[in-house]
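The file work_33.txt contains compact mmCIF, C-alpha atoms:
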```txt
# COMPACT_ATOMS: atom_id res chain seq x y z
CA MET O 1 -108.98 11.20 25.81
CA THR O 2 -105.73 12.16 27.47
CA THR O 3 -103.55 15.21 27.18
CA LEU O 4 -100.28 14.56 25.41
CA SER O 5 -97.19 16.72 25.51
CA VAL O 6 -94.05 15.40 23.87
CA THR O 7 -90.78 16.83 22.59
CA ILE O 8 -89.90 15.57 19.14
CA ASN O 9 -86.52 16.37 17.64
CA GLY O 10 -86.12 19.19 20.11
CA LYS O 11 -89.50 20.79 19.41
CA ALA O 12 -92.37 20.71 21.89
CA TYR O 13 -95.69 19.37 20.68
CA GLY O 14 -98.89 19.79 22.66
CA PRO O 15 -100.54 19.79 25.02
CA ARG O 16 -103.26 18.27 22.90
CA GLU O 17 -106.02 15.82 23.56
CA VAL O 18 -105.58 12.43 21.94
CA ARG O 19 -107.50 9.18 22.11
CA ASP O 20 -106.16 6.78 24.72
CA GLU O 21 -105.88 4.01 22.14
CA LEU O 22 -104.00 6.11 19.58
CA SER O 23 -100.65 4.49 18.79
CA MET O 24 -97.53 6.63 18.71
CA ASN O 25 -97.02 5.55 15.12
CA ASP O 26 -100.40 6.95 14.13
CA PHE O 27 -99.75 10.11 16.13
CA LEU O 28 -96.51 10.74 14.28
CA ARG O 29 -97.72 9.81 10.84
CA GLU O 30 -101.38 10.83 10.84
CA TYR O 31 -101.50 13.71 13.31
CA LEU O 32 -98.13 15.31 12.70
CA GLY O 33 -97.45 14.20 9.14
CA MET O 34 -94.05 12.86 10.17
CA THR O 35 -94.06 9.89 7.83
CA GLY O 36 -90.37 9.09 8.09
CA THR O 37 -91.27 6.61 10.84
CA LYS O 38 -92.84 3.65 9.08
CA PHE O 39 -95.54 1.15 9.96
CA GLY O 40 -94.37 -2.33 9.00
CA CYS O 41 -95.74 -5.28 10.91
CA GLY O 42 -97.80 -3.66 13.65
CA ALA O 43 -96.38 -6.20 16.11
CA ALA O 44 -92.99 -4.73 17.06
CA GLN O 45 -91.22 -7.42 15.09
CA CYS O 46 -89.77 -5.54 12.14
CA LEU O 47 -88.83 -2.35 14.07
CA SER O 48 -89.26 -0.12 11.03
CA CYS O 49 -91.35 1.98 13.42
CA ALA O 50 -88.61 2.43 16.01
CA ILE O 51 -87.79 5.90 17.32
CA ILE O 52 -85.26 7.13 19.88
CA VAL O 53 -86.35 7.96 23.42
CA ASP O 54 -83.99 10.23 25.35
CA ASN O 55 -83.86 9.71 29.09
CA ARG O 56 -83.20 12.57 31.46
CA ASP O 57 -79.91 10.99 32.53
CA GLY O 58 -78.53 11.37 29.01
CA SER O 59 -78.99 7.75 27.98
CA SER O 60 -81.24 6.78 25.11
CA TYR O 61 -83.02 3.72 23.84
CA THR O 62 -85.15 2.85 20.86
CA SER O 63 -88.83 2.08 21.15
CA PRO O 64 -91.31 0.70 18.66
CA THR O 65 -94.25 2.99 18.04
CA CYS O 66 -96.72 0.60 16.44
CA ILE O 67 -97.69 -1.13 19.68
CA VAL O 68 -97.19 1.68 22.18
CA PRO O 69 -99.91 4.22 22.90
CA ALA O 70 -98.98 7.82 22.17
CA ILE O 71 -99.94 8.81 25.71
CA ASN O 72 -97.13 6.62 27.04
CA PHE O 73 -94.71 9.13 25.57
CA ASN O 74 -96.27 12.01 27.49
CA GLY O 75 -93.58 14.23 28.94
CA LYS O 76 -90.83 12.41 27.06
CA SER O 77 -88.29 13.59 24.55
CA ILE O 78 -87.95 11.54 21.39
CA ARG O 79 -86.05 11.66 18.13
CA THR O 80 -87.31 10.47 14.79
CA VAL O 81 -85.51 10.02 11.49
CA GLU O 82 -86.52 13.55 10.54
CA GLY O 83 -84.38 14.90 13.37
CA HIS O 84 -80.99 13.55 12.45
CA ALA O 85 -79.85 15.96 9.75
CA LYS O 86 -79.28 19.56 10.89
CA ASN O 87 -79.69 22.49 8.51
CA GLY O 88 -79.63 20.10 5.59
CA GLU O 89 -76.35 18.55 6.68
CA LEU O 90 -76.54 14.78 6.97
CA THR O 91 -74.93 13.04 9.92
CA ALA O 92 -71.87 10.86 9.50
CA LEU O 93 -74.13 7.85 9.94
CA GLN O 94 -76.54 8.97 7.24
CA LYS O 95 -73.66 9.65 4.86
CA ALA O 96 -72.23 6.21 5.60
CA PHE O 97 -75.61 4.62 4.86
CA ILE O 98 -75.53 6.31 1.46
CA GLU O 99 -71.87 5.63 0.72
CA HIS O 100 -72.20 1.97 1.58
CA PHE O 101 -75.50 1.60 -0.28
CA ALA O 102 -76.98 0.33 2.98
CA PHE O 103 -80.65 0.73 2.02
CA GLN O 104 -82.74 -0.01 -1.05
CA CYS O 105 -86.47 0.61 -0.63
CA GLY O 106 -85.80 2.55 2.54
CA TYR O 107 -88.72 1.21 4.54
CA CYS O 108 -86.59 -0.22 7.35
CA THR O 109 -84.01 2.55 7.18
CA ALA O 110 -85.45 4.89 9.78
CA GLY O 111 -85.40 2.10 12.34
CA PHE O 112 -81.85 1.10 11.45
CA LEU O 113 -80.73 4.70 11.57
CA ASN O 114 -82.21 5.32 15.00
CA GLU O 115 -80.83 2.08 16.41
CA SER O 116 -77.38 2.78 14.99
CA GLN O 117 -77.42 6.29 16.38
CA VAL O 118 -78.23 4.98 19.86
CA LEU O 119 -75.38 2.52 19.51
CA LEU O 120 -72.91 5.24 18.56
CA GLU O 121 -73.97 7.39 21.51
CA ARG O 122 -73.66 4.41 23.84
CA LEU O 123 -70.17 3.57 22.58
CA ALA O 124 -69.10 7.20 22.89
CA LYS O 125 -69.91 6.94 26.60
CA LYS O 126 -68.48 3.46 27.13
CA ARG O 127 -65.99 2.33 24.54
CA ILE O 128 -65.52 -1.30 23.60
CA ALA O 129 -62.62 -3.39 22.44
CA ARG O 130 -62.05 -3.58 18.69
CA ALA O 131 -62.44 -7.37 18.93
CA ASP O 132 -65.99 -6.94 20.21
CA LEU O 133 -67.08 -4.50 17.50
CA ASP O 134 -68.80 -6.80 15.05
CA LYS O 135 -70.62 -8.70 17.78
CA THR O 136 -71.74 -5.42 19.35
CA ILE O 137 -73.06 -4.07 16.07
CA GLY O 138 -74.82 -7.35 15.41
CA GLU O 139 -76.49 -7.35 18.82
CA ALA O 140 -77.53 -3.73 18.53
CA LEU O 141 -79.13 -4.11 15.11
CA ASP O 142 -80.59 -7.53 15.87
CA GLY O 143 -84.35 -7.50 15.52
CA HIS O 144 -84.52 -4.95 12.72
CA LEU O 145 -85.86 -6.74 9.67
CA CYS O 146 -84.94 -5.86 6.10
CA ARG O 147 -86.36 -7.58 3.06
CA CYS O 148 -84.10 -5.94 0.51
CA THR O 149 -80.50 -5.73 1.51
CA GLY O 150 -79.41 -8.78 3.45
CA TYR O 151 -78.20 -6.48 6.28
CA VAL O 152 -74.49 -6.61 5.40
CA LYS O 153 -74.32 -3.05 4.09
CA TYR O 154 -76.02 -1.66 7.17
CA HIS O 155 -73.44 -3.35 9.36
CA GLU O 156 -70.60 -2.15 7.12
CA ALA O 157 -71.87 1.41 7.26
CA VAL O 158 -72.05 1.44 11.05
CA ARG O 159 -68.65 -0.25 11.32
CA ALA O 160 -67.17 2.33 8.99
CA VAL O 161 -68.41 5.22 11.12
CA ILE O 162 -66.92 3.66 14.23
CA LEU O 163 -63.61 2.78 12.63
CA ALA O 164 -63.32 6.28 11.19
CA ASP O 165 -63.15 7.61 14.76
CA PRO O 166 -61.71 4.75 16.82
CA GLY O 167 -60.54 6.95 19.66
CA ARG O 168 -64.11 7.93 20.33
CA TYR O 169 -65.74 4.52 20.16
CA LEU O 170 -63.07 1.89 20.75
CA SER O 171 -60.81 1.23 23.70
CA MET G 172 -149.67 -32.76 15.49
CA LYS G 173 -151.79 -33.30 18.60
CA LEU G 174 -151.75 -30.66 21.34
CA SER G 175 -150.31 -33.20 23.79
CA SER G 176 -147.42 -33.84 21.40
CA TRP G 177 -146.72 -30.09 21.12
CA VAL G 178 -146.70 -29.89 24.91
CA GLN G 179 -144.29 -32.78 25.15
CA LEU G 180 -142.05 -31.19 22.56
CA PHE G 181 -142.19 -27.83 24.34
CA VAL G 182 -141.30 -29.39 27.68
CA ALA G 183 -138.38 -31.26 26.13
CA VAL G 184 -137.03 -28.14 24.49
CA VAL G 185 -137.26 -26.12 27.71
CA ALA G 186 -136.01 -28.87 30.02
CA LEU G 187 -132.71 -29.32 28.24
CA PRO G 188 -131.21 -25.86 28.88
CA VAL G 189 -132.77 -25.71 32.35
CA GLY G 190 -131.06 -28.96 33.19
CA ALA G 191 -127.76 -27.62 31.95
CA LEU G 192 -128.16 -24.48 34.02
CA THR G 193 -128.92 -26.56 37.08
CA ALA G 194 -125.75 -28.55 36.57
CA TYR G 195 -123.88 -25.28 36.15
CA ALA G 196 -125.22 -24.07 39.49
CA VAL G 197 -124.27 -27.28 41.26
CA SER G 198 -120.74 -27.17 39.88
CA GLY G 199 -120.26 -23.78 41.53
CA GLY G 200 -119.46 -21.80 38.42
CA PRO G 201 -118.11 -21.95 34.88
CA SER G 202 -115.93 -24.92 33.95
CA ASP G 203 -112.87 -22.61 33.80
CA GLY G 204 -113.22 -21.56 37.45
CA LEU G 205 -111.32 -22.74 40.52
CA ALA G 206 -112.79 -25.02 43.14
CA SER G 207 -113.29 -23.44 46.54
CA VAL G 208 -111.20 -24.49 49.52
CA GLU G 209 -114.37 -25.72 51.20
CA SER G 210 -115.02 -28.16 48.41
CA PHE G 211 -111.98 -30.17 49.54
CA SER G 212 -113.23 -30.57 53.10
CA SER G 213 -114.68 -33.97 52.31
CA ILE G 214 -111.12 -35.32 51.98
CA ALA G 215 -110.48 -36.47 55.52
CA ASP G 216 -106.76 -37.15 55.25
CA THR G 217 -104.89 -33.84 55.63
CA THR G 218 -102.00 -34.80 53.35
CA ALA G 219 -104.31 -36.03 50.64
CA ARG G 220 -106.40 -32.90 50.98
CA SER G 221 -103.31 -30.74 50.72
CA ALA G 222 -102.16 -32.52 47.58
CA ALA G 223 -105.62 -32.21 46.05
CA ILE G 224 -105.64 -28.49 46.74
CA PHE G 225 -102.27 -28.14 45.02
CA THR G 226 -103.60 -30.10 42.05
CA GLU G 227 -106.40 -27.55 41.75
CA LEU G 228 -103.86 -24.74 42.04
CA GLY G 229 -102.02 -26.47 39.23
CA LYS G 230 -104.70 -25.17 36.85
CA VAL G 231 -103.21 -21.74 37.51
CA LEU G 232 -99.54 -22.68 37.57
CA THR G 233 -99.64 -24.67 34.33
CA HIS G 234 -101.85 -22.23 32.45
CA PRO G 235 -100.15 -20.56 29.46
CA ARG G 236 -100.55 -17.10 31.04
CA CYS G 237 -98.17 -18.27 33.81
CA LEU G 238 -96.14 -20.91 32.03
CA ASN G 239 -95.13 -18.64 29.15
CA CYS G 240 -93.00 -16.52 31.47
CA HIS G 241 -91.70 -19.40 33.56
CA PRO G 242 -89.85 -21.09 30.68
CA ALA G 243 -87.23 -23.77 30.98
CA GLY G 244 -84.77 -21.81 28.85
CA ASP G 245 -84.01 -18.18 28.15
CA ARG G 246 -86.79 -17.42 25.72
CA PRO G 247 -90.34 -16.63 26.76
CA ARG G 248 -93.28 -18.23 25.06
CA GLN G 249 -96.52 -16.66 23.94
CA GLY G 250 -100.08 -17.54 23.13
CA ASP G 251 -102.26 -20.40 24.25
CA VAL G 252 -100.10 -22.74 22.20
CA SER G 253 -97.02 -21.42 24.00
CA ARG G 254 -95.03 -20.92 20.80
CA LEU G 255 -91.64 -19.27 21.13
CA HIS G 256 -91.99 -15.53 21.54
CA GLN G 257 -91.85 -13.50 18.37
CA PRO G 258 -89.85 -11.34 18.02
CA PRO G 259 -87.15 -13.71 19.26
CA VAL G 260 -86.33 -11.99 22.54
CA GLU G 261 -84.14 -13.45 25.24
CA ARG G 262 -83.93 -13.32 29.01
CA GLY G 263 -80.82 -11.17 29.25
CA PRO G 264 -78.78 -10.81 32.42
CA ASP G 265 -81.65 -9.66 34.62
CA GLY G 266 -84.73 -11.26 33.10
CA TYR G 267 -85.78 -8.00 31.50
CA GLY G 268 -84.28 -8.77 28.08
CA LEU G 269 -81.14 -8.01 26.12
CA PRO G 270 -79.91 -4.40 25.85
CA ALA G 271 -81.52 -3.67 22.49
CA MET G 272 -84.77 -5.48 23.27
CA ARG G 273 -85.76 -4.82 26.85
CA CYS G 274 -89.14 -6.25 27.79
CA PRO G 275 -90.64 -2.94 29.02
CA ILE G 276 -89.92 -1.24 25.71
CA CYS G 277 -92.76 -3.15 24.08
CA HIS G 278 -94.66 -4.40 27.12
CA GLN G 279 -95.72 -1.12 28.66
CA GLY G 280 -97.37 -0.51 32.02
CA ALA G 281 -100.78 -1.81 30.99
CA ASN G 282 -102.39 -3.94 28.29
CA TYR G 283 -102.68 -2.10 24.98
CA ASP G 284 -105.59 -3.85 23.34
CA PRO G 285 -105.52 -2.06 19.94
CA ALA G 286 -102.24 -3.87 19.29
CA GLY G 287 -103.06 -6.96 21.34
CA MET G 288 -100.11 -6.11 23.51
CA PRO G 289 -100.09 -7.36 27.09
CA GLY G 290 -98.51 -5.08 29.65
CA ASN G 291 -97.55 -4.66 33.28
CA ALA G 292 -95.24 -2.23 35.05
CA ILE G 293 -92.63 -4.93 35.76
CA TRP G 294 -93.00 -7.23 32.76
CA HIS G 295 -90.11 -9.69 32.79
CA LEU G 296 -89.22 -13.36 32.89
CA ALA G 297 -89.20 -15.36 36.08
CA PRO G 298 -85.62 -16.33 37.04
CA ARG G 299 -84.24 -19.42 35.32
CA GLU G 300 -84.40 -21.46 38.51
CA MET G 301 -88.13 -20.67 38.69
CA GLY G 302 -88.83 -22.07 35.25
CA TRP G 303 -91.16 -25.05 35.27
CA GLU G 304 -91.95 -25.52 31.62
CA GLY G 305 -92.13 -29.23 30.83
CA LYS G 306 -92.35 -30.33 34.46
CA THR G 307 -95.00 -32.48 36.08
CA LEU G 308 -97.22 -31.04 38.76
CA ALA G 309 -95.31 -33.04 41.37
CA GLU G 310 -92.03 -31.55 40.14
CA ILE G 311 -93.50 -28.05 40.11
CA CYS G 312 -94.74 -28.56 43.64
CA ALA G 313 -91.31 -29.62 44.88
CA GLN G 314 -89.73 -26.69 43.08
CA ILE G 315 -92.16 -24.13 44.38
CA LYS G 316 -91.47 -25.20 47.96
CA ASP G 317 -87.70 -25.06 47.55
CA PRO G 318 -86.29 -21.67 48.62
CA ALA G 319 -83.32 -22.25 46.31
CA ARG G 320 -85.69 -22.44 43.37
CA ASN G 321 -88.58 -20.19 44.36
CA GLY G 322 -86.81 -16.89 44.81
CA ASN G 323 -85.98 -17.66 48.44
CA ARG G 324 -89.63 -17.49 49.41
CA SER G 325 -91.13 -18.80 52.60
CA PRO G 326 -94.58 -20.43 52.47
CA HIS G 327 -96.05 -17.10 53.56
CA ASP G 328 -94.18 -15.36 50.76
CA LEU G 329 -95.69 -17.84 48.30
CA ILE G 330 -99.17 -16.89 49.45
CA GLU G 331 -98.36 -13.24 48.83
CA HIS G 332 -96.64 -13.87 45.51
CA ILE G 333 -99.48 -15.85 43.98
CA GLY G 334 -102.23 -14.07 45.85
CA ASP G 335 -101.20 -10.42 45.77
CA ASP G 336 -98.43 -9.82 43.24
CA HIS G 337 -99.71 -7.52 40.51
CA LEU G 338 -97.67 -9.11 37.71
CA VAL G 339 -99.06 -12.50 38.71
CA GLY G 340 -102.46 -10.78 38.87
CA TRP G 341 -102.14 -9.78 35.22
CA ALA G 342 -102.84 -13.43 34.33
CA TRP G 343 -106.48 -12.91 35.31
CA ALA G 344 -106.81 -9.78 33.16
CA PRO G 345 -104.50 -10.49 30.25
CA GLY G 346 -106.15 -8.29 27.66
CA TYR G 347 -107.81 -8.75 24.31
CA GLY G 348 -107.38 -12.10 22.60
CA ARG G 349 -105.92 -13.89 25.60
CA ARG G 350 -107.65 -16.50 27.76
CA PRO G 351 -107.38 -15.59 31.45
CA VAL G 352 -106.24 -18.02 34.10
CA PRO G 353 -109.13 -19.91 35.75
CA GLY G 354 -110.96 -18.36 38.68
CA THR G 355 -109.73 -15.20 40.33
CA GLN G 356 -106.50 -14.21 42.05
CA LYS G 357 -108.41 -14.09 45.32
CA GLN G 358 -109.50 -17.71 44.82
CA ALA G 359 -105.94 -18.70 43.96
CA ARG G 360 -104.72 -17.00 47.12
CA ALA G 361 -107.21 -18.97 49.17
CA LEU G 362 -105.99 -22.20 47.61
CA VAL G 363 -102.33 -21.40 48.27
CA GLU G 364 -103.14 -20.46 51.82
CA ALA G 365 -105.08 -23.67 52.38
CA TRP G 366 -102.30 -25.68 50.78
CA VAL G 367 -99.70 -24.13 53.06
CA ASN G 368 -101.92 -24.57 56.11
CA THR G 369 -102.39 -28.26 55.37
CA GLY G 370 -98.70 -29.00 55.17
CA SER G 371 -97.89 -28.13 51.53
CA ALA G 372 -98.16 -31.72 50.38
CA CYS G 373 -97.32 -32.52 46.80
CA PRO G 374 -99.32 -34.74 44.46
CA ASN G 375 -97.69 -37.92 43.18
```

Would you write the structure of this file as structure tokens?
Amino acid sequence: MTTLSVTINGKAYGPREVRDELSMNDFLREYLGMTGTKFGCGAAQCLSCAIIVDNRDGSSYTSPTCIVPAINFNGKSIRTVEGHAKNGELTALQKAFIEHFAFQCGYCTAGFLNESQVLLERLAKKRIARADLDKTIGEALDGHLCRCTGYVKYHEAVRAVILADPGRYLS
Amino acid sequence: MKLSSWVQLFVAVVALPVGALTAYAVSGGPSDGLASVESFSSIADTTARSAAIFTELGKVLTHPRCLNCHPAGDRPRQGDVSRLHQPPVERGPDGYGLPAMRCPICHQGANYDPAGMPGNAIWHLAPREMGWEGKTLAEICAQIKDPARNGNRSPHDLIEHIGDDHLVGWAWAPGYGRRPVPGTQKQARALVEAWVNTGSACPN
């Protein structure tokens, strides 16, 4: 047993004792009832379980939760799909996902949303050339598996958000 | 059955495993161990002895636990069959993966056995020039001695890398479902040391 304290979507959870072998995915879904993060393959291949980890330096990255122990997130600040909308207001990215019909069953959507959000935040800090946009989106979302949509609509949604505010994301 | 026949049968049944255990003891350990440095002392010629020691060390260097992260290309391999790593990750600019799939994101600081996930604090690929997938033992030997292809390591550095490095050491404690490298890291260190001290000769 190890003590776990973690900030999730801006709210502190813990300290609480958890089993050393408890996965972060199980902690979120079974302990906290935050079932927006999915369990897909259990092998970090589909990335439907991916959440955002916020570093102290302001950068962020996504991490699978199915193969990472919960205690490895001790002291960290993370964001899940439940934390995107504020006061019922969807983010521009979430609205774009809906407008572009980017998801169908929704099982992979949390992972795509988190990955896309990290991409947007990265581009806001370091813009890229318009010519590199599609390649950048492709590389960022690479690895997330979807069995329903064929991926195109996800890419279109993310591209639309970026192109709607080119001064912020593109050089 | 006569009593004498039962005795003969009993002796035969007992003798077989005892004989096997005796052979085990003579061999110095399980068949997946490493031979001791002393066991090569019967080879009088120093160069031949050195090459023989490297051949023994080859059991470590060519084992999947080592080979999988010393690939010829930019993709690691996994498993005892050394299949291409799934998910399809790549080396990236620094050996720690591409921006969206950094090795340490999944491979955490220690093995996570509930998910069968190996881990180490500095999990990453060996540099491309240190890849020896598909090479013969002689080729690996030449490569491992070449500072341009061994991370600019001196012979002493090689002893430390194989003998003391904790990521290399992971290979002997790879976690659930994975076959460890033969012997122990301490035994491997002794072999590297003996190989270096006998002139670092390469097998043919």

Requested in this report: For O:Ala12, please output as a list in words all residues within 12 Å (counting all atoms listed in the file; exclusion window: fewer than 5 positions along the same chain).
Outcome: Leu4, Ser5, Val6, Thr7, Asn74, Gly75, Lys76, Ser77, Ile78 and Arg79 of chain O

**Report entry** Pick from O:Ser116, O:Thr3, O:Ser171, O:Thr109 nearest to chain G, counting only C-alpha atoms
**Finding:**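 Using only C-alpha atoms, the shortest distance to chain G belongs to O:Ser116.
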
Tell me as an mmCIF file with C-alpha atoms, in the frame of the given file which residues belonging to chain O come within 12 Å of chain G, counting only C-alpha atoms.
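The result, written out as out_22.cif:
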```cif
data_model
loop_
_atom_site.group_PDB
_atom_site.id
_atom_site.type_symbol
_atom_site.label_atom_id
_atom_site.label_comp_id
_atom_site.auth_asym_id
_atom_site.auth_seq_id
_atom_site.Cartn_x
_atom_site.Cartn_y
_atom_site.Cartn_z
ATOM 1 C CA ARG O 19 -107.500 9.180 22.110
ATOM 2 C CA ASP O 20 -106.160 6.780 24.720
ATOM 3 C CA GLU O 21 -105.880 4.010 22.140
ATOM 4 C CA LEU O 22 -104.000 6.110 19.580
ATOM 5 C CA SER O 23 -100.650 4.490 18.790
ATOM 6 C CA MET O 24 -97.530 6.630 18.710
ATOM 7 C CA ASN O 25 -97.020 5.550 15.120
ATOM 8 C CA ASP O 26 -100.400 6.950 14.130
ATOM 9 C CA CYS O 41 -95.740 -5.280 10.910
ATOM 10 C CA GLY O 42 -97.800 -3.660 13.650
ATOM 11 C CA ALA O 43 -96.380 -6.200 16.110
ATOM 12 C CA ALA O 44 -92.990 -4.730 17.060
ATOM 13 C CA GLN O 45 -91.220 -7.420 15.090
ATOM 14 C CA CYS O 46 -89.770 -5.540 12.140
ATOM 15 C CA LEU O 47 -88.830 -2.350 14.070
ATOM 16 C CA CYS O 49 -91.350 1.980 13.420
ATOM 17 C CA ALA O 50 -88.610 2.430 16.010
ATOM 18 C CA ILE O 51 -87.790 5.900 17.320
ATOM 19 C CA ILE O 52 -85.260 7.130 19.880
ATOM 20 C CA VAL O 53 -86.350 7.960 23.420
ATOM 21 C CA SER O 60 -81.240 6.780 25.110
ATOM 22 C CA TYR O 61 -83.020 3.720 23.840
ATOM 23 C CA THR O 62 -85.150 2.850 20.860
ATOM 24 C CA SER O 63 -88.830 2.080 21.150
ATOM 25 C CA PRO O 64 -91.310 0.700 18.660
ATOM 26 C CA THR O 65 -94.250 2.990 18.040
ATOM 27 C CA CYS O 66 -96.720 0.600 16.440
ATOM 28 C CA ILE O 67 -97.690 -1.130 19.680
ATOM 29 C CA VAL O 68 -97.190 1.680 22.180
ATOM 30 C CA PRO O 69 -99.910 4.220 22.900
ATOM 31 C CA ALA O 70 -98.980 7.820 22.170
ATOM 32 C CA ILE O 71 -99.940 8.810 25.710
ATOM 33 C CA ASN O 72 -97.130 6.620 27.040
ATOM 34 C CA PHE O 73 -94.710 9.130 25.570
ATOM 35 C CA ASN O 114 -82.210 5.320 15.000
ATOM 36 C CA GLU O 115 -80.830 2.080 16.410
ATOM 37 C CA SER O 116 -77.380 2.780 14.990
ATOM 38 C CA VAL O 118 -78.230 4.980 19.860
ATOM 39 C CA LEU O 119 -75.380 2.520 19.510
ATOM 40 C CA ARG O 122 -73.660 4.410 23.840
ATOM 41 C CA THR O 136 -71.740 -5.420 19.350
ATOM 42 C CA ILE O 137 -73.060 -4.070 16.070
ATOM 43 C CA GLY O 138 -74.820 -7.350 15.410
ATOM 44 C CA GLU O 139 -76.490 -7.350 18.820
ATOM 45 C CA ALA O 140 -77.530 -3.730 18.530
ATOM 46 C CA LEU O 141 -79.130 -4.110 15.110
ATOM 47 C CA ASP O 142 -80.590 -7.530 15.870
ATOM 48 C CA GLY O 143 -84.350 -7.500 15.520
ATOM 49 C CA HIS O 144 -84.520 -4.950 12.720
ATOM 50 C CA LEU O 145 -85.860 -6.740 9.670
#
```

Query raised in the report: So how many Å separate atom CA of G:Ala361 and atom CA of G:Asp336, to one decimal?
Result: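 Atom CA of G:Ala361 sits 14.0 Å away from atom CA of G:Asp336.
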
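Residues with any atom within 12 Å of O:Leu133, counting only C-alpha atoms and excluding same-chain neighbours fewer than 3 positions away, are Leu119, Leu120, Leu123, Arg127, Ile128, Ala129, Arg130, Thr136, Ile137, Gly138, Glu139, Ala140, His155, Glu156, Val158, Arg159, Ala160, Val161, Ile162, Leu163, Pro166, Tyr169, Leu170 and Ser171 of chain O.
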
Query - Nearest to G:Gly334, chosen from G:Val363, G:Lys230, G:Ala309, G:Cys240, with all atoms listed in the file counted in the distances - result: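 The shortest atom-to-atom distance to G:Gly334 comes from G:Val363.
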
Query raised in the report: Which of these, G:Leu338, G:Ala319, G:Ile330, G:Cys237, has the shortest distance to G:Ser371 once you count all atoms listed in the file?
Result: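 Answer, going by the shortest atom-to-atom distance: G:Ile330.
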
Report task. For atom CA of G:Glu364 and atom CA of G:Asp251, determine how far apart the two atoms are, in Å to one decimal place. Result -> 27.6 Å

Query - Surrounding residues of G:Pro326 excluding itself and chain neighbours under 3 positions, 10 Å, all atoms listed in the file, as a list in words - result: Ile315, Lys316, Asp317, Pro318, Asn323, Leu329, Ile330, Glu331, His332, Val363, Glu364, Trp366, Val367, Asn368, Gly370 and Ser371 of chain G

Requested in this report: Mind giving me the straight-line distance from atom CA of O:Leu28 to atom CA of O:Gly10 in Å, one decimal?
Outcome: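 About the pair atom CA of O:Leu28 and atom CA of O:Gly10: they are 14.6 Å apart.
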